Amino acid sequence: MDQLKMLREHLGQNDEIILNALLMRNSIVEEIMAYKEANGLQILQPEQDEKRENWLKASLEGKRHGKEVQNVFKSIVENSKRIQARHLFNYNIVLIGFMGAGKTTISDYLSTCFAMDVVEMDQVISEREGMSISDIFEVYGEEHFRNAETNLLKEMQTKHNVVISCGGGTPMRECNVVEMKKNGRVVLLTAKPETILERVKDSHDRPLIENNKNVEFIEELMLKRREKYMAAADIIIETDNKTELEICEELVNSLLKFDADNK
Ligand code: S3P
């Protein structure tokens, strides 16, 4: 019994060490973030993730409970990312733009960098309706789909610090833009029609261009939407010929600048 008491005390001491180390780690994360911002350094540094992963793997090689420790580290790192995200932007990031502008890709990248949840509007609506976007258009009509978009955006008012990836037509309704801006910053991703065509040519879940996959049609629809896109956007990021990292770095810096200018 005495030994059990001693072991428990030992465990308690260990927990205290872990707890203090975690608190210290979080402070260091904040300091790094502040240092990067103060010195105009690149905010996203995915190579650091890789370095840490390699270090962890090497350090745990042949150790008992390696998998368990790895799991704990995964959640420690995710929490640090969330701390960074909350420090940088205390609101939802709403991505808008034409089909194929990169909304889904950039949402995923942001989610990896900052452990933010992503709401992929098309996917949520499709799951709820139990059919593909093309089928929703065919069975219920476009208006039904557009109403589902508006309702989903209203629901998003309860969320903070998530990435919302809109459908290409979402900002066409002014009431949708009002919802987006309530607790979010609207980021417009753009790309040339040629780039868009290249990105969408092999997919078949975009009923509006399914039978019109050519530069002329894309250009024309883009022009029709341009004014509404521009009016909705808080910041605009061109995506042609840029890597995901470059786009996201630009996005984060533009948001920081937007927030500083609109304080
Ligand atoms: C649409 C874009 C699609 C999807 C639907 C309608 C549009 O989303 O919502 O096919 O009107 O531009 P993506 O922009 O994600 O392809």
# chains A, B, ... in the order shown; residues from 1 in each chain; ligands from 1

$ residues_around --residues "A:Gly102" --least-positions-apart "5" --cutoff "12 Å" --atoms "only C-alpha atoms" --output "PyMOL selection string"
chain A and resi 95-97+107-110+165-168+187-192+195-196+198-200+237-244+247-248

$ write_last_selection --atoms "N, CA and C atoms" --output "mmCIF file, in the first residue's frame"
data_model
loop_
_atom_site.group_PDB
_atom_site.id
_atom_site.type_symbol
_atom_site.label_atom_id
_atom_site.label_comp_id
_atom_site.auth_asym_id
_atom_site.auth_seq_id
_atom_site.Cartn_x
_atom_site.Cartn_y
_atom_site.Cartn_z
ATOM 1 N N LEU A 95 -13.671 31.659 -47.689
ATOM 2 C CA LEU A 95 -13.042 31.667 -49.012
ATOM 3 C C LEU A 95 -14.111 31.685 -50.094
ATOM 4 N N ILE A 96 -14.004 32.673 -50.985
ATOM 5 C CA ILE A 96 -14.918 32.726 -52.122
ATOM 6 C C ILE A 96 -14.094 32.759 -53.412
ATOM 7 N N GLY A 97 -14.769 32.559 -54.516
ATOM 8 C CA GLY A 97 -14.079 32.611 -55.808
ATOM 9 C C GLY A 97 -14.722 31.654 -56.792
ATOM 10 N N SER A 107 -8.301 25.756 -48.383
ATOM 11 C CA SER A 107 -8.904 25.419 -47.074
ATOM 12 C C SER A 107 -8.133 24.285 -46.414
ATOM 13 N N ASP A 108 -7.848 23.267 -47.197
ATOM 14 C CA ASP A 108 -7.137 22.117 -46.632
ATOM 15 C C ASP A 108 -5.754 22.521 -46.127
ATOM 16 N N TYR A 109 -5.099 23.362 -46.907
ATOM 17 C CA TYR A 109 -3.744 23.774 -46.509
ATOM 18 C C TYR A 109 -3.787 24.596 -45.222
ATOM 19 N N LEU A 110 -4.759 25.520 -45.161
ATOM 20 C CA LEU A 110 -4.895 26.338 -43.948
ATOM 21 C C LEU A 110 -5.208 25.460 -42.743
ATOM 22 N N SER A 165 -15.319 27.196 -46.814
ATOM 23 C CA SER A 165 -15.054 27.168 -48.248
ATOM 24 C C SER A 165 -16.394 27.204 -48.977
ATOM 25 N N CYS A 166 -16.687 28.356 -49.592
ATOM 26 C CA CYS A 166 -18.006 28.540 -50.227
ATOM 27 C C CYS A 166 -18.039 27.899 -51.610
ATOM 28 N N GLY A 167 -19.240 27.731 -52.115
ATOM 29 C CA GLY A 167 -19.382 27.351 -53.512
ATOM 30 C C GLY A 167 -19.144 28.600 -54.359
ATOM 31 N N GLY A 168 -18.838 28.393 -55.627
ATOM 32 C CA GLY A 168 -18.511 29.526 -56.490
ATOM 33 C C GLY A 168 -19.621 30.557 -56.603
ATOM 34 N N VAL A 187 -12.221 36.217 -48.176
ATOM 35 C CA VAL A 187 -11.019 36.147 -49.011
ATOM 36 C C VAL A 187 -11.414 35.684 -50.409
ATOM 37 N N LEU A 188 -11.179 36.541 -51.402
ATOM 38 C CA LEU A 188 -11.480 36.156 -52.786
ATOM 39 C C LEU A 188 -10.233 35.571 -53.436
ATOM 40 N N LEU A 189 -10.351 34.323 -53.897
ATOM 41 C CA LEU A 189 -9.252 33.697 -54.639
ATOM 42 C C LEU A 189 -9.559 33.856 -56.121
ATOM 43 N N THR A 190 -8.578 34.308 -56.889
ATOM 44 C CA THR A 190 -8.809 34.479 -58.327
ATOM 45 C C THR A 190 -7.812 33.647 -59.132
ATOM 46 N N ALA A 191 -8.201 33.381 -60.383
ATOM 47 C CA ALA A 191 -7.292 32.699 -61.313
ATOM 48 C C ALA A 191 -7.755 33.036 -62.725
ATOM 49 N N LYS A 192 -6.822 32.966 -63.657
ATOM 50 C CA LYS A 192 -7.184 33.242 -65.050
ATOM 51 C C LYS A 192 -8.088 32.115 -65.573
ATOM 52 N N THR A 195 -6.304 28.968 -66.361
ATOM 53 C CA THR A 195 -5.904 28.195 -65.169
ATOM 54 C C THR A 195 -7.113 27.430 -64.636
ATOM 55 N N ILE A 196 -8.270 28.129 -64.597
ATOM 56 C CA ILE A 196 -9.501 27.493 -64.092
ATOM 57 C C ILE A 196 -9.808 26.252 -64.935
ATOM 58 N N GLU A 198 -7.922 24.396 -66.709
ATOM 59 C CA GLU A 198 -6.948 23.336 -66.446
ATOM 60 C C GLU A 198 -7.303 22.597 -65.148
ATOM 61 N N ARG A 199 -7.755 23.363 -64.149
ATOM 62 C CA ARG A 199 -8.045 22.746 -62.841
ATOM 63 C C ARG A 199 -9.362 21.977 -62.811
ATOM 64 N N VAL A 200 -10.345 22.399 -63.632
ATOM 65 C CA VAL A 200 -11.673 21.753 -63.509
ATOM 66 C C VAL A 200 -11.970 20.735 -64.618
ATOM 67 N N ILE A 237 -6.657 37.437 -53.449
ATOM 68 C CA ILE A 237 -5.380 36.749 -53.674
ATOM 69 C C ILE A 237 -5.405 36.081 -55.054
ATOM 70 N N GLU A 238 -4.441 36.451 -55.882
ATOM 71 C CA GLU A 238 -4.309 35.772 -57.186
ATOM 72 C C GLU A 238 -3.590 34.454 -56.970
ATOM 73 N N THR A 239 -4.081 33.426 -57.623
ATOM 74 C CA THR A 239 -3.495 32.102 -57.345
ATOM 75 C C THR A 239 -2.686 31.512 -58.505
ATOM 76 N N ASP A 240 -2.734 32.176 -59.686
ATOM 77 C CA ASP A 240 -2.028 31.601 -60.840
ATOM 78 C C ASP A 240 -0.531 31.421 -60.536
ATOM 79 N N ASN A 241 -0.048 30.278 -60.929
ATOM 80 C CA ASN A 241 1.394 29.981 -60.827
ATOM 81 C C ASN A 241 1.994 30.170 -59.432
ATOM 82 N N LYS A 242 1.197 29.957 -58.428
ATOM 83 C CA LYS A 242 1.736 30.055 -57.058
ATOM 84 C C LYS A 242 1.545 28.729 -56.346
ATOM 85 N N THR A 243 2.445 28.424 -55.408
ATOM 86 C CA THR A 243 2.279 27.196 -54.634
ATOM 87 C C THR A 243 1.243 27.450 -53.533
ATOM 88 N N GLU A 244 0.762 26.366 -52.937
ATOM 89 C CA GLU A 244 -0.201 26.503 -51.842
ATOM 90 C C GLU A 244 0.412 27.316 -50.697
ATOM 91 N N ILE A 247 0.456 31.004 -51.589
ATOM 92 C CA ILE A 247 -0.891 31.580 -51.514
ATOM 93 C C ILE A 247 -1.299 31.801 -50.056
ATOM 94 N N CYS A 248 -1.077 30.791 -49.228
ATOM 95 C CA CYS A 248 -1.502 30.900 -47.819
ATOM 96 C C CYS A 248 -0.690 31.945 -47.074
#

$ residues_near_ligand --ligand "ligand 1" --cutoff "10 Å" --atoms "only C-alpha atoms and all ligand atoms" --output "ChimeraX atom specification"
/A:95-104,120-123,125-126,132-134,136-137,142,145-146,149,165-172,200,203-210,221-222,225

$ select_by_dssp --residues "stretch 2-192 of chain A" --states "alpha helix (DSSP H)" --output "PyMOL selection string"
chain A and resi 2-38+46-60+66-88+103-114+121-129+133-140+142-155+174-182

$ write_last_selection --atoms "C-alpha atoms" --output "tab-separated table (two decimals), in the first residue's frame"
chain	number	residue	atom	x	y	z
A	2	ASP	CA	2.85	2.33	0.89
A	3	GLN	CA	4.46	1.54	-2.40
A	4	LEU	CA	1.24	2.40	-4.26
A	5	LYS	CA	1.10	5.71	-2.47
A	6	MET	CA	4.69	6.39	-3.43
A	7	LEU	CA	4.07	5.49	-7.07
A	8	ARG	CA	1.06	7.78	-7.21
A	9	GLU	CA	3.08	10.60	-5.74
A	10	HIS	CA	5.71	9.97	-8.34
A	11	LEU	CA	3.08	10.05	-11.06
A	12	GLY	CA	1.71	13.29	-9.68
A	13	GLN	CA	5.17	14.84	-9.79
A	14	ASN	CA	5.47	13.73	-13.38
A	15	ASP	CA	2.14	15.29	-14.28
A	16	GLU	CA	3.29	18.54	-12.75
A	17	ILE	CA	6.44	18.49	-14.86
A	18	ILE	CA	4.35	17.79	-17.98
A	19	LEU	CA	1.86	20.50	-17.09
A	20	ASN	CA	4.55	23.13	-16.53
A	21	ALA	CA	6.35	22.07	-19.70
A	22	LEU	CA	3.13	22.42	-21.68
A	23	LEU	CA	2.37	25.86	-20.27
A	24	MET	CA	5.91	26.93	-21.06
A	25	ARG	CA	5.66	25.45	-24.55
A	26	ASN	CA	2.52	27.43	-25.27
A	27	SER	CA	4.18	30.64	-24.12
A	28	ILE	CA	7.13	29.95	-26.39
A	29	VAL	CA	4.73	29.35	-29.30
A	30	GLU	CA	3.20	32.77	-28.65
A	31	GLU	CA	6.62	34.37	-28.43
A	32	ILE	CA	7.68	32.82	-31.74
A	33	MET	CA	4.51	34.12	-33.37
A	34	ALA	CA	5.04	37.62	-32.00
A	35	TYR	CA	8.69	37.56	-33.10
A	36	LYS	CA	7.78	36.52	-36.64
A	37	GLU	CA	5.17	39.26	-36.85
A	38	ALA	CA	7.43	41.95	-35.37
A	46	PRO	CA	6.01	23.80	-42.88
A	47	GLU	CA	9.62	22.64	-42.87
A	48	GLN	CA	9.58	23.08	-39.07
A	49	ASP	CA	6.76	20.53	-38.86
A	50	GLU	CA	8.82	18.11	-40.86
A	51	LYS	CA	11.92	18.65	-38.72
A	52	ARG	CA	9.94	18.06	-35.53
A	53	GLU	CA	8.33	14.93	-36.93
A	54	ASN	CA	11.73	13.52	-37.91
A	55	TRP	CA	13.15	14.35	-34.51
A	56	LEU	CA	10.23	12.65	-32.77
A	57	LYS	CA	10.48	9.55	-34.90
A	58	ALA	CA	14.21	9.22	-34.28
A	59	SER	CA	13.83	9.89	-30.55
A	60	LEU	CA	11.14	7.25	-30.14
A	66	GLY	CA	6.27	5.09	-28.81
A	67	LYS	CA	2.90	5.17	-30.50
A	68	GLU	CA	1.17	6.57	-27.44
A	69	VAL	CA	3.77	9.31	-27.03
A	70	GLN	CA	3.49	10.09	-30.73
A	71	ASN	CA	-0.27	10.54	-30.31
A	72	VAL	CA	0.22	12.90	-27.41
A	73	PHE	CA	2.69	14.94	-29.46
A	74	LYS	CA	0.25	15.10	-32.33
A	75	SER	CA	-2.31	16.74	-30.12
A	76	ILE	CA	0.29	19.03	-28.51
A	77	VAL	CA	1.29	20.28	-31.96
A	78	GLU	CA	-2.33	20.69	-33.04
A	79	ASN	CA	-3.04	22.75	-29.96
A	80	SER	CA	-0.05	24.97	-30.67
A	81	LYS	CA	-1.36	25.51	-34.16
A	82	ARG	CA	-4.74	26.48	-32.77
A	83	ILE	CA	-3.10	28.94	-30.41
A	84	GLN	CA	-1.33	30.49	-33.41
A	85	ALA	CA	-4.55	30.62	-35.39
A	86	ARG	CA	-6.46	32.32	-32.60
A	87	HIS	CA	-3.62	34.77	-32.10
A	88	LEU	CA	-3.63	35.67	-35.79
A	103	LYS	CA	-10.99	27.28	-52.39
A	104	THR	CA	-10.93	23.62	-51.37
A	105	THR	CA	-7.18	23.22	-51.79
A	106	ILE	CA	-6.41	26.35	-49.80
A	107	SER	CA	-8.90	25.42	-47.07
A	108	ASP	CA	-7.14	22.12	-46.63
A	109	TYR	CA	-3.74	23.77	-46.51
A	110	LEU	CA	-4.89	26.34	-43.95
A	111	SER	CA	-6.42	23.57	-41.91
A	112	THR	CA	-3.09	21.72	-41.86
A	113	CYS	CA	-1.14	24.85	-40.94
A	114	PHE	CA	-3.44	26.06	-38.19
A	121	MET	CA	-20.18	24.11	-48.07
A	122	ASP	CA	-20.75	21.98	-51.16
A	123	GLN	CA	-19.78	18.86	-49.28
A	124	VAL	CA	-21.98	19.62	-46.27
A	125	ILE	CA	-24.99	20.36	-48.48
A	126	SER	CA	-24.37	17.29	-50.58
A	127	GLU	CA	-24.11	15.08	-47.47
A	128	ARG	CA	-27.26	16.53	-45.95
A	129	GLU	CA	-29.26	16.10	-49.13
A	133	ILE	CA	-24.44	18.73	-56.29
A	134	SER	CA	-25.29	17.81	-59.88
A	135	ASP	CA	-28.19	15.65	-58.68
A	136	ILE	CA	-29.46	18.40	-56.37
A	137	PHE	CA	-29.55	20.78	-59.35
A	138	GLU	CA	-31.29	18.19	-61.47
A	139	VAL	CA	-33.82	16.94	-58.94
A	140	TYR	CA	-34.68	20.10	-56.96
A	142	GLU	CA	-30.71	25.60	-58.53
A	143	GLU	CA	-32.94	27.76	-56.27
A	144	HIS	CA	-33.20	24.91	-53.76
A	145	PHE	CA	-29.42	24.58	-53.70
A	146	ARG	CA	-28.98	28.35	-53.27
A	147	ASN	CA	-31.41	28.33	-50.31
A	148	ALA	CA	-29.44	25.53	-48.72
A	149	GLU	CA	-26.30	27.68	-49.10
A	150	THR	CA	-27.96	30.65	-47.39
A	151	ASN	CA	-29.22	28.50	-44.51
A	152	LEU	CA	-25.81	26.92	-43.99
A	153	LEU	CA	-24.12	30.33	-43.86
A	154	LYS	CA	-26.60	31.42	-41.21
A	155	GLU	CA	-25.70	28.34	-39.17
A	174	GLU	CA	-26.22	39.78	-51.14
A	175	CYS	CA	-27.78	38.30	-48.01
A	176	ASN	CA	-25.12	35.59	-48.13
A	177	VAL	CA	-22.36	38.17	-48.10
A	178	VAL	CA	-23.96	39.86	-45.09
A	179	GLU	CA	-23.86	36.50	-43.26
A	180	MET	CA	-20.22	35.90	-44.29
A	181	LYS	CA	-19.13	39.25	-42.89
A	182	LYS	CA	-20.89	38.95	-39.54

$ atom_distance --atom1 "atom CA of A:Ile236" --atom2 "atom CA of A:Asp259"
14.0 Å

$ atom_distance --atom1 "atom CA of A:Asn161" --atom2 "atom CA of A:Ile93"
7.1 Å

$ select_by_dssp --residues "stretch 12-249 of chain A" --states "strand (DSSP E or B)" --output "number ranges by chain"
A: 92-96, 118-120, 163-165, 184-190, 235-238

$ closest_residue --among "A:Arg185, A:Glu220, A:Leu197, A:Lys228" --to "A:Asn262" --atoms "only C-alpha atoms"
A:Arg185
